[in-house]
Amino acid sequence: MKRLFDLWLAFFASLFLLLPFMLIAAMVRFTSAGPVFYWSGRVGRNNKIFNMPKFRSMRVDTPAVATHLLADPQQFLTPIGSFLRKSSLDELPQLWSIIKGDMSFVGPRPALFNQDDLIELRTQHGVDKLVPGLTGWAQINGRDELPIPDKVGLDVEYLNNQSFWFDLKILLLTFLKVIRRDGVQH
C-alpha cells in the first residue's frame with residue numbers, strides 16, 4: 001500500500017509542480033556554470049548505493065561531504081543556492097527517486113555514501129531495512145541540527161511505529177516545517 005501511495009502522490013505532485021520545476025531548472029542553469037541537477041551517491045535500503053537527484057545549489061567544485069562538514073558552506077553556494085535550500089525546493093527532483101522506487105515519501109533520509117558513522121549505527125539498529133524517504137520522523141524533529149545518535153533514535157522510533165497514519169502525520173508536519181523554514185541550514 002505504501003508503494004502505491006508513493007506512486008499516486010508522486011504522479012500528482014509531478015503534475016502540480018511541473019511549471020515550478022521548469023522555472024527552477026532554468027534559474028539554476030542561467031545563474032551558475034554546470035548542470036541543473038546534482039546527482040548524489042546515497043545509501044538506500046539494505047545499504048545499496050543509488051544516485052539521488054537534487055537541483056544544484058552548490059558550485060561544481062564543492063567537496064562531496066555533508067554540508068555541516070564544510071568549513072564555510074556559504075562560499076560554495078550558487079547565486080540561488082541559499083533560496084533553494086531554505087525553501088527545500090532543491091529536493092523536488094527526488095520525485096524521480098520515489099517513482100523509481102529508490103525512495104519513499106516517508107522514511108529515514110538517505111545518508112551520503114561517505115557518512116560511515118550514520119550508516120553503521122542505522123545498520124546496527126535495523127534502520128537500513130527501510131526505504132529512505134524524502135522526509136522522515138527525524139527530519140521533523142530537528143533535521144540538520146540533530147546529533148547522529150539522536151537522528152538514529154528517531155529513525156528507530158519510526159521503524160517500530162510505521163503506519164499509513166504515521167506517514168500522513170509526518171507529511172503534514174513536514175509541509176508545515178517547510179513553510180516555516182524550521183531547521184534548515186544553508
# chains A, B, ... in the order shown; residues from 1 in each chain; ligands from 1
>>> residues_around(residues="Val65 of chain A", least_positions_apart="2", cutoff="8 Å", atoms="only C-alpha atoms", output="compact mmCIF listing (two decimals) with C-alpha atoms, in the first residue's frame")
# COMPACT_ATOMS: atom_id res chain seq x y z
CA PRO A 63 33.63 18.68 -1.92
CA THR A 67 27.18 20.43 4.27
CA LEU A 69 31.29 19.29 7.48
CA LEU A 70 32.31 22.18 5.21
CA LEU A 112 25.59 10.20 1.90
CA ASN A 114 30.58 8.51 2.95
>>> residues_around(residues="segment 29-35 of chain A", least_positions_apart="2", cutoff="10 Å", atoms="only C-alpha atoms", output="PyMOL selection string")
chain A and resi 23-27+37-39+55-61+77-81
>>> write_last_selection(atoms="N, CA and C atoms", output="PDB file, in the first residue's frame")
ATOM      1  N   LEU A  23      10.822  26.288 -14.081  1.00  0.00           N
ATOM      2  CA  LEU A  23      11.359  27.606 -13.719  1.00  0.00           C
ATOM      3  C   LEU A  23      12.625  27.485 -12.881  1.00  0.00           C
ATOM      4  N   ILE A  24      12.623  26.581 -11.916  1.00  0.00           N
ATOM      5  CA  ILE A  24      13.805  26.383 -11.078  1.00  0.00           C
ATOM      6  C   ILE A  24      14.966  25.864 -11.921  1.00  0.00           C
ATOM      7  N   ALA A  25      14.693  24.917 -12.799  1.00  0.00           N
ATOM      8  CA  ALA A  25      15.743  24.380 -13.675  1.00  0.00           C
ATOM      9  C   ALA A  25      16.375  25.496 -14.500  1.00  0.00           C
ATOM     10  N   ALA A  26      15.553  26.371 -15.053  1.00  0.00           N
ATOM     11  CA  ALA A  26      16.070  27.496 -15.841  1.00  0.00           C
ATOM     12  C   ALA A  26      16.898  28.439 -14.967  1.00  0.00           C
ATOM     13  N   MET A  27      16.419  28.717 -13.753  1.00  0.00           N
ATOM     14  CA  MET A  27      17.155  29.610 -12.845  1.00  0.00           C
ATOM     15  C   MET A  27      18.525  29.019 -12.476  1.00  0.00           C
ATOM     16  N   PHE A  37      21.122  19.531 -12.384  1.00  0.00           N
ATOM     17  CA  PHE A  37      20.975  18.575 -11.299  1.00  0.00           C
ATOM     18  C   PHE A  37      22.321  18.187 -10.722  1.00  0.00           C
ATOM     19  N   TYR A  38      22.294  17.908  -9.438  1.00  0.00           N
ATOM     20  CA  TYR A  38      23.432  17.314  -8.749  1.00  0.00           C
ATOM     21  C   TYR A  38      22.989  15.900  -8.370  1.00  0.00           C
ATOM     22  N   TRP A  39      23.738  14.908  -8.823  1.00  0.00           N
ATOM     23  CA  TRP A  39      23.410  13.516  -8.524  1.00  0.00           C
ATOM     24  C   TRP A  39      24.308  13.070  -7.390  1.00  0.00           C
ATOM     25  N   PHE A  55      18.196  19.669  -7.271  1.00  0.00           N
ATOM     26  CA  PHE A  55      18.592  20.841  -8.027  1.00  0.00           C
ATOM     27  C   PHE A  55      19.920  21.303  -7.439  1.00  0.00           C
ATOM     28  N   ARG A  56      20.853  21.626  -8.306  1.00  0.00           N
ATOM     29  CA  ARG A  56      22.188  22.008  -7.840  1.00  0.00           C
ATOM     30  C   ARG A  56      22.131  23.370  -7.151  1.00  0.00           C
ATOM     31  N   SER A  57      22.523  23.390  -5.879  1.00  0.00           N
ATOM     32  CA  SER A  57      22.533  24.624  -5.097  1.00  0.00           C
ATOM     33  C   SER A  57      23.960  25.038  -4.732  1.00  0.00           C
ATOM     34  N   MET A  58      24.908  24.161  -5.026  1.00  0.00           N
ATOM     35  CA  MET A  58      26.317  24.427  -4.721  1.00  0.00           C
ATOM     36  C   MET A  58      27.118  24.445  -6.018  1.00  0.00           C
ATOM     37  N   ARG A  59      28.264  25.120  -5.966  1.00  0.00           N
ATOM     38  CA  ARG A  59      29.145  25.160  -7.134  1.00  0.00           C
ATOM     39  C   ARG A  59      29.647  23.757  -7.455  1.00  0.00           C
ATOM     40  N   VAL A  60      30.070  23.556  -8.690  1.00  0.00           N
ATOM     41  CA  VAL A  60      30.508  22.227  -9.129  1.00  0.00           C
ATOM     42  C   VAL A  60      31.806  21.776  -8.452  1.00  0.00           C
ATOM     43  N   ASP A  61      32.584  22.697  -7.873  1.00  0.00           N
ATOM     44  CA  ASP A  61      33.843  22.327  -7.220  1.00  0.00           C
ATOM     45  C   ASP A  61      33.684  22.064  -5.715  1.00  0.00           C
ATOM     46  N   LEU A  77      27.878  28.135  -2.208  1.00  0.00           N
ATOM     47  CA  LEU A  77      26.515  28.289  -2.725  1.00  0.00           C
ATOM     48  C   LEU A  77      26.487  29.007  -4.072  1.00  0.00           C
ATOM     49  N   THR A  78      25.592  28.583  -4.929  1.00  0.00           N
ATOM     50  CA  THR A  78      25.347  29.288  -6.183  1.00  0.00           C
ATOM     51  C   THR A  78      24.522  30.540  -5.855  1.00  0.00           C
ATOM     52  N   PRO A  79      24.335  31.442  -6.806  1.00  0.00           N
ATOM     53  CA  PRO A  79      23.547  32.653  -6.520  1.00  0.00           C
ATOM     54  C   PRO A  79      22.132  32.377  -5.996  1.00  0.00           C
ATOM     55  N   ILE A  80      21.516  31.275  -6.422  1.00  0.00           N
ATOM     56  CA  ILE A  80      20.173  30.964  -5.905  1.00  0.00           C
ATOM     57  C   ILE A  80      20.188  29.777  -4.933  1.00  0.00           C
ATOM     58  N   GLY A  81      21.386  29.300  -4.609  1.00  0.00           N
ATOM     59  CA  GLY A  81      21.517  28.124  -3.754  1.00  0.00           C
ATOM     60  C   GLY A  81      20.897  28.282  -2.377  1.00  0.00           C
TER      61      GLY A  81
END
>>> select_by_dssp(residues="segment 26-152 of chain A", states="strand (DSSP E)", output="mmCIF file with C-alpha atoms, in the first residue's frame")
data_model
loop_
_atom_site.group_PDB
_atom_site.id
_atom_site.type_symbol
_atom_site.label_atom_id
_atom_site.label_comp_id
_atom_site.auth_asym_id
_atom_site.auth_seq_id
_atom_site.Cartn_x
_atom_site.Cartn_y
_atom_site.Cartn_z
ATOM 1 C CA PHE A 37 20.975 18.575 -11.299
ATOM 2 C CA TYR A 38 23.432 17.314 -8.749
ATOM 3 C CA TRP A 39 23.410 13.516 -8.524
ATOM 4 C CA SER A 40 24.422 12.466 -5.056
ATOM 5 C CA GLY A 41 25.533 8.944 -4.140
ATOM 6 C CA ARG A 42 23.201 7.924 -1.302
ATOM 7 C CA VAL A 43 22.651 4.852 0.818
ATOM 8 C CA ILE A 49 24.027 2.883 -3.125
ATOM 9 C CA PHE A 50 21.783 4.813 -5.526
ATOM 10 C CA ASN A 51 22.067 8.192 -7.236
ATOM 11 C CA MET A 52 19.657 10.792 -5.862
ATOM 12 C CA PRO A 53 18.978 13.964 -7.870
ATOM 13 C CA LYS A 54 18.695 17.445 -6.410
ATOM 14 C CA PHE A 55 18.592 20.841 -8.027
ATOM 15 C CA SER A 104 9.593 6.761 -0.488
ATOM 16 C CA PHE A 105 7.880 9.965 0.596
ATOM 17 C CA VAL A 106 8.432 8.991 4.244
ATOM 18 C CA GLY A 133 12.398 8.966 2.437
ATOM 19 C CA LEU A 134 12.046 12.478 1.128
ATOM 20 C CA THR A 135 11.122 13.298 4.704
#
>>> residues_around(residues="Asn141 of chain A", least_positions_apart="2", cutoff="9 Å", atoms="only C-alpha atoms", output="compact mmCIF listing (two decimals) with N, CA and C atoms, in the first residue's frame")
# COMPACT_ATOMS: atom_id res chain seq x y z
N GLY A 136 11.14 12.45 6.94
CA GLY A 136 11.04 11.40 7.94
C GLY A 136 10.84 11.96 9.33
N TRP A 137 10.70 11.07 10.28
CA TRP A 137 10.45 11.44 11.67
C TRP A 137 11.60 12.28 12.21
N ALA A 138 12.84 11.93 11.87
CA ALA A 138 13.99 12.73 12.32
C ALA A 138 14.00 14.10 11.65
N GLN A 139 13.54 14.17 10.41
CA GLN A 139 13.51 15.45 9.70
C GLN A 139 12.63 16.47 10.41
N ARG A 143 15.94 17.88 12.04
CA ARG A 143 16.60 17.96 10.74
C ARG A 143 18.12 17.97 10.85
N LEU A 146 20.33 17.72 14.50
CA LEU A 146 20.38 16.54 15.36
C LEU A 146 21.73 15.85 15.33
N LYS A 151 19.39 11.23 15.79
CA LYS A 151 18.74 11.00 14.50
C LYS A 151 18.40 9.52 14.33
N LEU A 154 15.46 8.45 16.45
CA LEU A 154 14.17 8.80 15.84
C LEU A 154 13.86 7.89 14.65
N GLY A 183 14.52 24.55 10.98
CA GLY A 183 15.60 23.57 10.98
C GLY A 183 16.38 23.45 9.70
>>> closest_residue(among="A:Ile179, A:Met1, A:Leu89, A:Val131", to="Pro108 of chain A", atoms="only C-alpha atoms")
A:Val131
>>> select_by_dssp(residues="segment 63-180 of chain A", states="alpha helix (DSSP H)", output="PyMOL selection string")
chain A and resi 81-87+94-100+116-124+137-140+148-161+164-180
>>> write_last_selection(atoms="C-alpha atoms", output="compact mmCIF listing (two decimals), in the first residue's frame")
# COMPACT_ATOMS: atom_id res chain seq x y z
CA GLY A 81 21.52 28.12 -3.75
CA SER A 82 20.56 29.65 -0.42
CA PHE A 83 16.99 30.23 -1.61
CA LEU A 84 16.70 26.67 -2.95
CA ARG A 85 17.93 25.18 0.32
CA LYS A 86 15.90 27.40 2.65
CA SER A 87 12.73 26.68 0.67
CA GLN A 94 13.76 13.41 -5.68
CA LEU A 95 10.28 12.69 -7.00
CA TRP A 96 12.23 10.76 -9.66
CA SER A 97 13.82 8.58 -6.96
CA ILE A 98 10.36 7.94 -5.48
CA ILE A 99 8.95 6.93 -8.86
CA LYS A 100 11.95 4.60 -9.44
CA ASP A 116 30.10 5.85 7.70
CA ASP A 117 29.12 6.63 11.31
CA LEU A 118 25.46 7.18 10.40
CA ILE A 119 25.35 4.12 8.12
CA GLU A 120 26.93 1.87 10.76
CA LEU A 121 24.58 2.98 13.54
CA ARG A 122 21.50 2.61 11.32
CA THR A 123 22.64 -0.88 10.31
CA GLN A 124 23.13 -1.91 13.95
CA TRP A 137 10.45 11.44 11.67
CA ALA A 138 13.99 12.73 12.32
CA GLN A 139 13.51 15.45 9.70
CA ILE A 140 10.60 17.00 11.51
CA ILE A 148 23.72 11.27 14.72
CA PRO A 149 22.71 9.09 17.72
CA ASP A 150 19.55 11.18 18.21
CA LYS A 151 18.74 11.00 14.50
CA VAL A 152 19.11 7.22 14.51
CA GLY A 153 16.99 7.02 17.67
CA LEU A 154 14.17 8.80 15.84
CA ASP A 155 14.70 6.54 12.80
CA VAL A 156 14.31 3.52 15.10
CA GLU A 157 11.16 5.04 16.57
CA TYR A 158 9.78 5.36 13.02
CA LEU A 159 10.84 1.77 12.22
CA ASN A 160 8.94 0.49 15.25
CA ASN A 161 5.80 2.59 14.68
CA PHE A 164 -0.11 4.85 6.94
CA TRP A 165 -1.44 7.35 9.51
CA PHE A 166 2.02 7.99 10.97
CA ASP A 167 3.29 8.69 7.43
CA LEU A 168 0.42 11.14 6.84
CA LYS A 169 1.24 12.90 10.12
CA ILE A 170 4.91 13.18 9.08
CA LEU A 171 3.95 14.56 5.65
CA LEU A 172 1.68 17.19 7.23
CA LEU A 173 4.30 18.21 9.79
CA THR A 174 6.94 18.37 7.04
CA PHE A 175 4.73 20.69 4.98
CA LEU A 176 4.36 22.98 8.00
CA LYS A 177 8.12 22.92 8.71
CA VAL A 178 8.96 23.74 5.09
CA ILE A 179 6.51 26.65 5.07
CA ARG A 180 8.08 27.99 8.29
>>> closest_residue(among="A:Pro110, A:His68, A:Pro132, A:Phe76", to="Asp144 of chain A", atoms="only C-alpha atoms")
A:His68
